[in-house]
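J.: File work-v1.csv below, CSV, C-alpha atoms:
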chain,number,residue,atom,x,y,z
A,1,MET,CA,82.4,80.0,81.3
A,2,SER,CA,85.1,78.2,79.3
A,3,THR,CA,88.8,77.9,79.5
A,4,PHE,CA,90.9,79.4,76.8
A,5,TYR,CA,94.5,80.6,76.2
A,6,VAL,CA,95.4,84.1,74.8
A,7,LYS,CA,98.4,84.0,72.6
A,8,ALA,CA,100.4,87.3,72.1
A,9,ASP,CA,103.8,88.7,71.7
A,10,ARG,CA,104.1,90.6,75.0
A,11,PHE,CA,102.4,90.3,78.4
A,12,VAL,CA,102.6,93.0,81.0
A,13,LEU,CA,102.9,90.9,84.2
A,14,PRO,CA,103.9,92.0,87.7
A,15,GLY,CA,107.5,92.9,87.7
A,16,ARG,CA,108.2,92.0,84.1
A,17,VAL,CA,107.1,92.0,80.5
A,18,ALA,CA,107.0,88.4,79.2
A,19,GLY,CA,107.6,87.6,75.6
A,20,GLN,CA,105.7,85.3,73.3
A,21,GLY,CA,103.5,82.9,75.2
A,22,TYR,CA,100.0,82.1,76.5
A,23,LEU,CA,97.8,83.5,79.2
A,24,PRO,CA,95.2,81.0,80.5
A,25,ILE,CA,91.7,82.3,81.2
A,26,ILE,CA,90.0,79.8,83.4
A,27,GLU,CA,86.3,80.3,84.2
A,28,GLY,CA,86.7,84.1,84.0
A,29,ARG,CA,89.9,84.3,86.0
A,30,PHE,CA,93.6,84.5,85.2
A,31,GLY,CA,95.8,81.4,85.2
A,32,ALA,CA,99.6,81.5,85.3
A,33,PHE,CA,101.4,82.6,82.2
A,34,VAL,CA,102.9,79.7,80.2
A,35,THR,CA,105.1,79.5,77.1
A,36,GLU,CA,103.2,76.5,75.6
A,37,ALA,CA,99.5,75.8,75.6
A,38,PRO,CA,98.2,72.3,76.3
A,39,GLU,CA,97.5,70.2,73.3
A,40,GLY,CA,93.9,70.7,72.1
A,41,ALA,CA,93.4,73.8,74.2
A,42,GLU,CA,91.2,76.6,72.8
A,43,VAL,CA,93.6,79.4,71.7
A,44,VAL,CA,92.6,83.0,71.0
A,45,ASP,CA,95.5,84.1,68.7
A,46,ARG,CA,96.5,87.7,69.1
A,47,THR,CA,99.9,87.5,67.6
A,48,GLY,CA,101.4,90.9,67.1
A,49,SER,CA,99.7,92.4,70.2
A,50,TRP,CA,100.4,93.3,73.8
A,51,VAL,CA,98.2,91.8,76.6
A,52,ALA,CA,98.0,94.2,79.6
A,53,PRO,CA,95.8,94.6,82.7
A,54,GLY,CA,92.6,96.6,82.1
A,55,TYR,CA,93.0,100.3,82.8
A,56,VAL,CA,92.1,101.6,86.3
A,57,ASP,CA,90.6,105.1,86.4
A,58,THR,CA,90.6,106.4,89.9
A,59,HIS,CA,89.5,110.0,89.3
A,60,ILE,CA,86.5,110.2,87.0
A,61,HIS,CA,83.2,112.1,87.5
A,62,GLY,CA,81.3,110.5,84.7
A,63,PHE,CA,81.1,109.5,81.0
A,64,PHE,CA,78.7,109.3,78.1
A,65,GLY,CA,76.2,111.8,79.5
A,66,VAL,CA,76.1,110.7,83.1
A,67,ASP,CA,77.6,112.4,86.2
A,68,VAL,CA,78.1,110.7,89.5
A,69,MET,CA,76.2,113.6,91.1
A,70,PHE,CA,73.1,112.8,89.1
A,71,CYS,CA,72.5,109.9,91.5
A,72,ASP,CA,71.4,107.7,88.6
A,73,PRO,CA,72.5,104.1,89.2
A,74,THR,CA,71.3,102.9,85.8
A,75,GLY,CA,73.2,105.7,84.2
A,76,LEU,CA,76.4,104.9,86.1
A,77,ASN,CA,76.2,101.3,84.7
A,78,ARG,CA,75.7,102.7,81.2
A,79,SER,CA,78.8,104.8,81.7
A,80,SER,CA,80.6,101.6,82.9
A,81,LEU,CA,79.7,99.9,79.6
A,82,GLU,CA,81.1,102.7,77.5
A,83,LEU,CA,84.2,103.1,79.6
A,84,ALA,CA,85.0,99.4,79.0
A,85,ARG,CA,84.9,100.1,75.2
A,86,HIS,CA,87.9,102.4,75.8
A,87,GLY,CA,89.9,99.8,77.8
A,88,THR,CA,88.9,100.9,81.3
A,89,THR,CA,87.9,97.8,83.3
A,90,SER,CA,87.9,99.4,86.8
A,91,TRP,CA,86.9,102.8,88.1
A,92,THR,CA,86.2,104.7,91.3
A,93,PRO,CA,83.3,107.1,90.5
A,94,THR,CA,84.2,110.5,91.8
A,95,THR,CA,82.0,113.0,93.6
A,96,LEU,CA,82.2,116.8,93.5
A,97,THR,CA,82.1,119.5,96.2
A,98,ALA,CA,78.5,119.4,97.3
A,99,SER,CA,76.3,119.5,100.4
A,100,LEU,CA,76.7,116.7,103.0
A,101,GLU,CA,73.3,115.3,101.9
A,102,GLN,CA,74.1,115.5,98.1
A,103,THR,CA,77.3,113.6,98.7
A,104,ARG,CA,75.6,111.0,100.8
A,105,ASP,CA,73.0,110.4,98.1
A,106,ALA,CA,75.7,110.1,95.5
A,107,CYS,CA,77.6,107.5,97.5
A,108,ALA,CA,74.4,105.6,98.0
A,109,SER,CA,73.7,105.6,94.3
A,110,VAL,CA,77.1,104.3,93.4
A,111,LEU,CA,76.5,101.4,95.8
A,112,GLU,CA,73.1,100.8,94.2
A,113,ALA,CA,74.7,100.7,90.7
A,114,ASP,CA,77.2,98.1,91.9
A,115,GLU,CA,74.5,96.0,93.5
A,116,MET,CA,72.1,96.0,90.6
A,117,ARG,CA,74.5,94.5,88.1
A,118,GLU,CA,73.8,91.0,86.7
A,119,GLN,CA,76.5,88.4,86.9
A,120,ASP,CA,77.2,88.7,83.1
A,121,PHE,CA,77.4,92.5,83.2
A,122,CYS,CA,80.4,93.4,81.0
A,123,GLY,CA,81.2,97.0,82.0
A,124,ALA,CA,84.0,98.6,84.1
A,125,ARG,CA,83.9,97.4,87.6
A,126,ILE,CA,83.2,99.9,90.4
A,127,GLN,CA,86.1,99.4,92.8
A,128,GLY,CA,85.4,102.2,95.2
A,129,ILE,CA,84.4,105.9,95.5
A,130,PHE,CA,86.7,108.9,95.4
A,131,LEU,CA,85.4,112.0,97.3
A,132,GLU,CA,86.8,115.1,95.5
A,133,GLY,CA,85.7,117.6,98.1
A,134,PRO,CA,84.1,119.4,99.8
A,135,PHE,CA,87.1,120.2,102.1
A,136,PHE,CA,88.8,122.6,99.6
A,137,ALA,CA,90.1,126.2,99.5
A,138,GLU,CA,88.2,128.8,97.5
A,139,LYS,CA,91.3,130.3,95.9
A,140,TYR,CA,91.9,127.1,93.9
A,141,LYS,CA,88.4,126.0,93.6
A,142,GLY,CA,88.8,125.2,89.9
A,143,ALA,CA,85.4,123.8,88.8
A,144,GLN,CA,84.2,123.1,92.3
A,145,ASN,CA,81.3,125.0,93.9
A,146,LYS,CA,82.7,127.3,96.6
A,147,ILE,CA,79.4,127.6,98.5
A,148,TYR,CA,79.7,124.0,99.8
A,149,MET,CA,83.4,124.2,100.8
A,150,VAL,CA,83.8,123.5,104.6
A,151,ASP,CA,86.4,122.3,107.0
A,152,PRO,CA,87.1,118.5,107.1
A,153,SER,CA,84.8,116.5,109.3
A,154,ILE,CA,85.4,112.9,110.2
A,155,ASP,CA,81.7,112.6,111.2
A,156,ALA,CA,80.7,113.6,107.6
A,157,LEU,CA,83.1,110.9,106.3
A,158,ARG,CA,81.5,108.3,108.5
A,159,LEU,CA,78.1,109.3,107.1
A,160,TRP,CA,79.3,108.9,103.6
A,161,GLN,CA,81.1,105.7,104.2
A,162,GLU,CA,77.9,104.3,105.9
A,163,ALA,CA,75.8,105.3,102.9
A,164,ALA,CA,78.3,103.6,100.6
A,165,GLN,CA,78.7,100.5,102.9
A,166,GLY,CA,82.5,100.8,102.8
A,167,LEU,CA,83.0,101.7,99.2
A,168,VAL,CA,84.7,105.1,99.9
A,169,VAL,CA,88.4,104.5,99.4
A,170,ARG,CA,89.8,108.0,99.0
A,171,SER,CA,89.1,111.6,100.1
A,172,ALA,CA,90.6,114.8,98.9
A,173,LEU,CA,91.1,118.0,101.0
A,174,ALA,CA,93.1,121.2,101.3
A,175,PRO,CA,95.6,120.7,104.1
A,176,GLU,CA,95.5,124.3,105.2
A,177,ARG,CA,91.9,124.0,106.4
A,178,ASP,CA,91.2,123.7,110.1
A,179,GLY,CA,91.1,120.1,111.3
A,180,SER,CA,92.8,118.7,108.2
A,181,LEU,CA,95.6,116.9,110.1
A,182,GLU,CA,93.2,115.2,112.5
A,183,TYR,CA,91.0,114.2,109.6
A,184,ILE,CA,93.8,112.6,107.6
A,185,SER,CA,95.1,110.7,110.6
A,186,ARG,CA,91.7,109.3,111.4
A,187,ALA,CA,90.4,108.6,107.8
A,188,GLY,CA,92.6,105.5,107.7
A,189,GLU,CA,90.5,103.9,110.4
A,190,LEU,CA,87.7,104.0,107.9
A,191,GLY,CA,89.8,102.5,105.1
A,192,VAL,CA,90.2,105.8,103.3
A,193,ALA,CA,93.3,107.3,101.8
A,194,CYS,CA,93.7,111.1,101.7
A,195,ALA,CA,94.7,113.2,98.8
A,196,LEU,CA,95.8,116.9,98.8
A,197,GLY,CA,94.4,119.3,96.2
A,198,HIS,CA,92.3,122.4,95.4
A,199,SER,CA,94.6,124.1,97.9
A,200,ASN,CA,96.7,127.2,98.5
A,201,ALA,CA,98.8,125.3,101.1
A,202,THR,CA,102.4,126.1,101.7
A,203,TYR,CA,105.1,123.5,101.1
A,204,GLU,CA,105.4,123.0,104.8
A,205,GLN,CA,101.6,122.5,105.3
A,206,GLY,CA,101.8,119.8,102.6
A,207,LEU,CA,104.7,118.1,104.3
A,208,ASP,CA,102.7,118.1,107.6
A,209,ALA,CA,99.8,116.4,105.9
A,210,VAL,CA,102.0,113.8,104.4
A,211,ALA,CA,103.6,113.1,107.8
A,212,VAL,CA,100.2,112.2,109.2
A,213,GLY,CA,99.2,109.9,106.3
A,214,ALA,CA,98.2,111.8,103.2
A,215,ASN,CA,99.4,109.6,100.3
A,216,SER,CA,98.6,111.5,97.1
A,217,PHE,CA,98.1,114.8,95.2
A,218,VAL,CA,95.0,115.6,93.2
A,219,HIS,CA,95.6,116.4,89.4
A,220,THR,CA,99.0,117.7,90.2
A,221,TYR,CA,99.8,121.2,89.0
A,222,ASN,CA,96.1,122.0,88.5
A,223,ALA,CA,94.2,123.8,91.3
A,224,MET,CA,97.1,124.0,93.7
A,225,SER,CA,99.7,126.4,94.9
A,226,PRO,CA,102.5,126.4,92.3
A,227,LEU,CA,106.2,125.8,92.4
A,228,HIS,CA,108.2,129.0,93.0
A,229,HIS,CA,111.8,129.2,94.0
A,230,ARG,CA,111.0,131.1,97.2
A,231,ASN,CA,107.7,129.3,97.9
A,232,PRO,CA,107.7,125.7,96.6
A,233,GLY,CA,104.0,125.3,97.3
A,234,LEU,CA,102.0,122.1,97.0
A,235,VAL,CA,103.6,121.3,93.7
A,236,GLY,CA,107.0,121.4,95.3
A,237,CYS,CA,105.7,119.2,98.1
A,238,ALA,CA,104.4,116.7,95.5
A,239,MET,CA,107.8,116.6,93.8
A,240,ASP,CA,109.7,116.3,97.1
A,241,THR,CA,107.8,113.4,98.7
A,242,PRO,CA,108.9,110.4,96.7
A,243,ASP,CA,106.7,107.9,98.5
A,244,THR,CA,103.5,109.7,97.7
A,245,TYR,CA,101.5,109.5,94.5
A,246,SER,CA,100.7,112.3,92.0
A,247,GLU,CA,97.7,112.2,89.7
A,248,LEU,CA,98.2,113.7,86.3
A,249,ILE,CA,95.7,114.6,83.6
A,250,CYS,CA,97.7,113.9,80.4
A,251,ASP,CA,95.4,115.3,77.7
A,252,GLY,CA,97.9,117.9,76.6
A,253,LYS,CA,95.6,120.7,77.7
A,254,HIS,CA,95.7,120.6,81.5
A,255,VAL,CA,99.4,120.1,81.8
A,256,ALA,CA,102.1,120.7,79.2
A,257,PRO,CA,104.2,117.7,78.2
A,258,GLY,CA,107.3,119.3,79.6
A,259,ALA,CA,105.7,119.7,83.0
A,260,VAL,CA,104.6,116.0,82.8
A,261,LYS,CA,108.1,115.0,82.1
A,262,ALA,CA,109.5,117.2,85.0
A,263,LEU,CA,107.1,115.6,87.5
A,264,VAL,CA,107.8,112.0,86.3
A,265,ARG,CA,111.6,112.7,86.6
A,266,ALA,CA,111.1,114.1,90.1
A,267,LYS,CA,109.0,111.3,91.5
A,268,GLY,CA,109.6,108.3,89.2
A,269,TRP,CA,106.9,106.8,87.0
A,270,GLN,CA,106.1,104.3,89.8
A,271,HIS,CA,104.5,107.2,91.8
A,272,VAL,CA,102.6,109.0,89.0
A,273,ALA,CA,99.1,107.8,88.3
A,274,LEU,CA,97.4,108.6,85.0
A,275,ILE,CA,93.8,109.8,85.6
A,276,THR,CA,91.2,111.3,83.3
A,277,ASP,CA,89.1,113.6,85.6
A,278,CYS,CA,86.6,113.0,82.9
A,279,LEU,CA,83.2,114.6,83.0
A,280,SER,CA,79.7,113.5,81.9
A,281,CYS,CA,80.4,115.1,78.5
A,282,GLY,CA,83.2,112.5,77.8
A,283,GLY,CA,82.2,110.5,74.8
A,284,MET,CA,79.6,113.1,73.9
A,285,PRO,CA,79.2,115.8,71.2
A,286,GLU,CA,80.2,119.4,71.7
A,287,GLY,CA,77.6,121.5,73.6
A,288,GLU,CA,76.4,122.6,77.0
A,289,TYR,CA,76.4,120.2,80.0
A,290,VAL,CA,76.4,120.5,83.8
A,291,LEU,CA,79.0,119.6,86.4
A,292,GLY,CA,77.2,119.3,89.7
A,293,GLU,CA,75.2,122.6,89.7
A,294,LEU,CA,77.6,124.4,87.4
A,295,ALA,CA,77.1,124.9,83.7
A,296,ILE,CA,79.9,123.8,81.4
A,297,VAL,CA,80.6,124.1,77.7
A,298,LEU,CA,82.5,121.4,75.7
A,299,SER,CA,84.2,123.0,72.7
A,300,ASP,CA,87.2,121.9,70.6
A,301,GLY,CA,87.8,119.0,73.0
A,302,VAL,CA,88.0,121.1,76.1
A,303,ALA,CA,85.4,121.6,78.9
A,304,HIS,CA,85.2,125.0,80.5
A,305,LEU,CA,82.9,126.6,83.1
A,306,LYS,CA,80.3,128.6,81.2
A,307,GLU,CA,80.4,131.6,83.5
A,308,GLU,CA,84.0,131.8,84.6
A,309,GLY,CA,85.9,130.1,81.8
A,310,ASN,CA,87.9,127.8,84.1
A,311,LEU,CA,89.0,124.4,82.8
A,312,ALA,CA,86.5,122.0,84.1
A,313,GLY,CA,87.9,118.5,84.1
A,314,SER,CA,88.4,116.7,80.8
A,315,VAL,CA,87.0,114.4,78.2
A,316,LEU,CA,90.1,112.2,78.2
A,317,THR,CA,90.0,108.4,78.2
A,318,MET,CA,92.7,106.3,79.8
A,319,ASP,CA,93.7,104.7,76.5
A,320,GLN,CA,94.5,108.1,75.1
A,321,ALA,CA,96.4,109.2,78.2
A,322,VAL,CA,98.6,106.1,77.9
A,323,ARG,CA,99.4,106.8,74.2
A,324,ASN,CA,100.0,110.5,75.0
A,325,VAL,CA,102.8,110.0,77.6
A,326,VAL,CA,104.5,107.6,75.2
A,327,ALA,CA,104.2,110.0,72.2
A,328,TRP,CA,105.6,112.8,74.4
A,329,ASP,CA,108.7,110.6,75.1
A,330,VAL,CA,108.0,110.8,78.9
A,331,VAL,CA,108.0,107.0,79.6
A,332,THR,CA,108.2,103.7,77.8
A,333,ALA,CA,105.1,101.8,76.7
A,334,GLU,CA,105.4,99.3,79.6
A,335,GLN,CA,105.8,102.2,82.1
A,336,ALA,CA,102.8,104.0,80.6
A,337,ILE,CA,100.6,100.9,81.0
A,338,ARG,CA,101.6,100.5,84.6
A,339,MET,CA,100.9,104.2,85.3
A,340,ALA,CA,97.4,103.4,84.1
A,341,THR,CA,96.9,100.2,86.0
A,342,GLU,CA,99.0,99.2,89.0
A,343,VAL,CA,100.0,102.7,90.1
A,344,PRO,CA,96.5,104.2,90.4
A,345,ALA,CA,95.3,100.9,92.0
A,346,LYS,CA,98.0,101.2,94.7
A,347,MET,CA,97.3,104.9,95.2
A,348,SER,CA,93.7,104.2,95.9
A,349,LEU,CA,94.3,101.1,98.1
A,350,ILE,CA,92.5,98.8,95.6
A,351,GLU,CA,95.5,96.9,94.3
A,352,ASP,CA,94.2,93.7,95.8
A,353,MET,CA,91.2,93.9,93.3
A,354,CYS,CA,92.6,95.3,90.1
A,355,GLY,CA,95.6,96.6,88.2
A,356,TYR,CA,97.6,93.3,87.8
A,357,ILE,CA,97.5,90.1,85.8
A,358,MET,CA,97.8,87.6,88.6
A,359,PRO,CA,96.5,84.0,88.9
A,360,GLY,CA,93.1,83.7,90.5
A,361,ARG,CA,92.1,87.3,89.8
A,362,ASP,CA,89.2,88.4,87.6
A,363,ALA,CA,90.4,88.2,84.0
A,364,ASP,CA,90.1,91.9,83.2
A,365,PHE,CA,92.6,92.8,80.4
A,366,ASN,CA,93.3,94.7,77.2
A,367,VAL,CA,94.7,93.5,73.9
A,368,LEU,CA,96.8,96.4,72.6
A,369,ALA,CA,98.3,97.1,69.1
A,370,PRO,CA,102.0,98.0,69.0
A,371,ASP,CA,100.9,101.7,69.0
A,372,LEU,CA,98.9,101.0,72.2
A,373,THR,CA,95.5,101.3,70.5
A,374,VAL,CA,93.0,99.1,72.3
A,375,ARG,CA,92.1,96.2,70.0
A,376,GLU,CA,90.0,94.3,72.5
A,377,THR,CA,89.0,94.5,76.1
A,378,TYR,CA,87.9,91.5,78.3
A,379,ILE,CA,86.1,91.7,81.6
A,380,GLY,CA,85.9,88.5,83.6
A,381,GLY,CA,87.1,86.7,80.5
A,382,GLN,CA,84.2,88.1,78.4
A,383,LEU,CA,84.9,90.1,75.3
A,384,VAL,CA,83.6,93.6,75.5
A,385,LYS,CA,81.4,94.4,72.5
What does the file become when written as structure tokens?

T.:
Amino acid sequence: MSTFYVKADRFVLPGRVAGQGYLPIIEGRFGAFVTEAPEGAEVVDRTGSWVAPGYVDTHIHGFFGVDVMFCDPTGLNRSSLELARHGTTSWTPTTLTASLEQTRDACASVLEADEMREQDFCGARIQGIFLEGPFFAEKYKGAQNKIYMVDPSIDALRLWQEAAQGLVVRSALAPERDGSLEYISRAGELGVACALGHSNATYEQGLDAVAVGANSFVHTYNAMSPLHHRNPGLVGCAMDTPDTYSELICDGKHVAPGAVKALVRAKGWQHVALITDCLSCGGMPEGEYVLGELAIVLSDGVAHLKEEGNLAGSVLTMDQAVRNVVAWDVVTAEQAIRMATEVPAKMSLIEDMCGYIMPGRDADFNVLAPDLTVRETYIGGQLVK
């Protein structure tokens, strides 16, 4: 690999946006931002652009025809290549509510996908696994299969973590289920953060879960007890716990822009993580697909369960989510970029690997137009093509 300097108008660095200057890329890693490039250095001139960390999608079931539950390592890597073409340079493949054995096999297949990559592979990096289920409540099952819903089990988590050889970084559950508080308090011993969702929990049950370590809320507003003035529900708990993180699906279909703005005002953008909850039909034509064992239909840019009609995840990409929250006048461009990079990385305990432009880290970054369209994406200093 060579050394080159990226010239641009704005650089989204930790704690600040730097003006015109140069970002050194040294053997596939970031150097320290400088205002002048050395004489004779190779310069990649991207004047008129932003340079930002690559996007980090921490809740995503699949893309481009592949679902994590297919247990197809080659397919997962194909998804990674396509995700990188939309500016996502890191992701945590996300499971669905399934049997203990199916979840174990999915975890093992994600590990296999990661291990089979060649050194010059130029797709989104697998930074962990997010277990969305099976410890959920039937009332707010959403597009999860209720027949596999069970009480939390730390033994099951150990099995999955063993199959993944430590890749599991996050686990979601309904806090009203028996054993949830013990599960949350012990999951940290396995390096796993806990998220609350697909739940009919009361406000108080949510607070109890946060008190023992739960740090986030799954696709806030969707598939959880709503905010009511006499029963604040899990939505109220999310709004009233400022040190926790809230996921949001910002496709304009799952959550109205006004509700997005209300949550961001309540928690601050620093604690709202943009996620896609994208399905295998992301990047694909309209038609019929499967989500786990459930049939779904993609029509007019929306995926629904074929039988029940429930919303079933999205076909959103992170670059579009970033543009949406800016277009809705919810946050600034800088804040939107951070909500798609450093915030989800911190929420998922992977901020030491991605989400920031810092010297010595893998040079995973986006070159963005002023309207935040992705002009180019680099992974490890390589241009994604």

J.: Nearest to Cys71 in chain A among A:Arg361, A:Arg104, A:His198, A:Arg230, with distances taken over all atoms listed in the file: which residue is it?

T.: A:Arg104

J.: As an NGL selection string, please: the residues near range 318-335 of chain A (cut-off 7 Å, all atoms listed in the file, same-chain neighbours under 6 positions excluded).

T.: :A and (55 or 86-88 or 250-251 or 257 or 261 or 269 or 274-276 or 372)

J.: Using 7 Å as the limit and counting all atoms listed in the file, can you tabulate each residue of range 205-308 of chain A that touches range 129-151 of chain A, with its shortest atom-to-atom distance in Å and the two atoms involved, as CSV?

T.:
residue,atom,partner,partner_atom,distance
A:Ala223,CA,A:Tyr140,CA,4.8
A:Met224,CA,A:Tyr140,CA,6.1
A:Leu305,CA,A:Ala143,CA,6.8

J.: If you measure from CA of Lys346 in chain A to CA of His271 in chain A, what distance in Å do you get, rounded to one decimal?

T.: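 It comes out at 9.3 Å.
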
J.: Between CA of Asp57 in chain A and CA of Val168 in chain A, measure the distance and give it in Å to one decimal.

T.: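 Computing the Euclidean distance for CA of Asp57 in chain A and CA of Val168 in chain A yields 14.7 Å.
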
J.: Provide range 149-164 of chain A of the preceding structure as a file containing N, CA and C atoms, as a compact mmCIF listing (two decimals), in the first residue's frame.

T.:
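Writing done, so here's selection12.txt:
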# COMPACT_ATOMS: atom_id res chain seq x y z
N MET A 149 -40.10 -17.26 20.97
CA MET A 149 -39.86 -16.31 22.04
C MET A 149 -39.81 -17.02 23.39
N VAL A 150 -38.76 -16.75 24.16
CA VAL A 150 -38.52 -17.42 25.44
C VAL A 150 -37.96 -16.41 26.44
N ASP A 151 -37.85 -16.84 27.70
CA ASP A 151 -37.24 -15.99 28.71
C ASP A 151 -35.72 -15.94 28.51
N PRO A 152 -35.10 -14.85 28.93
CA PRO A 152 -33.64 -14.71 28.76
C PRO A 152 -32.88 -15.84 29.46
N SER A 153 -31.81 -16.28 28.81
CA SER A 153 -30.98 -17.36 29.33
C SER A 153 -29.52 -17.01 29.13
N ILE A 154 -28.78 -16.85 30.20
CA ILE A 154 -27.36 -16.55 30.08
C ILE A 154 -26.60 -17.76 29.52
N ASP A 155 -27.11 -18.95 29.75
CA ASP A 155 -26.48 -20.15 29.17
C ASP A 155 -26.60 -20.13 27.65
N ALA A 156 -27.75 -19.69 27.15
CA ALA A 156 -27.91 -19.58 25.70
C ALA A 156 -26.94 -18.54 25.13
N LEU A 157 -26.81 -17.42 25.82
CA LEU A 157 -25.88 -16.39 25.36
C LEU A 157 -24.44 -16.93 25.33
N ARG A 158 -24.08 -17.71 26.33
CA ARG A 158 -22.74 -18.31 26.33
C ARG A 158 -22.54 -19.21 25.12
N LEU A 159 -23.56 -19.99 24.78
CA LEU A 159 -23.48 -20.87 23.63
C LEU A 159 -23.27 -20.08 22.35
N TRP A 160 -24.05 -19.01 22.19
CA TRP A 160 -23.94 -18.19 20.99
C TRP A 160 -22.59 -17.47 20.92
N GLN A 161 -22.15 -16.98 22.06
CA GLN A 161 -20.87 -16.29 22.09
C GLN A 161 -19.72 -17.26 21.78
N GLU A 162 -19.84 -18.48 22.25
CA GLU A 162 -18.82 -19.49 21.95
C GLU A 162 -18.80 -19.80 20.45
N ALA A 163 -19.98 -19.92 19.84
CA ALA A 163 -20.05 -20.20 18.40
C ALA A 163 -19.46 -19.05 17.59
N ALA A 164 -19.60 -17.84 18.11
CA ALA A 164 -19.10 -16.65 17.42
C ALA A 164 -17.68 -16.29 17.81
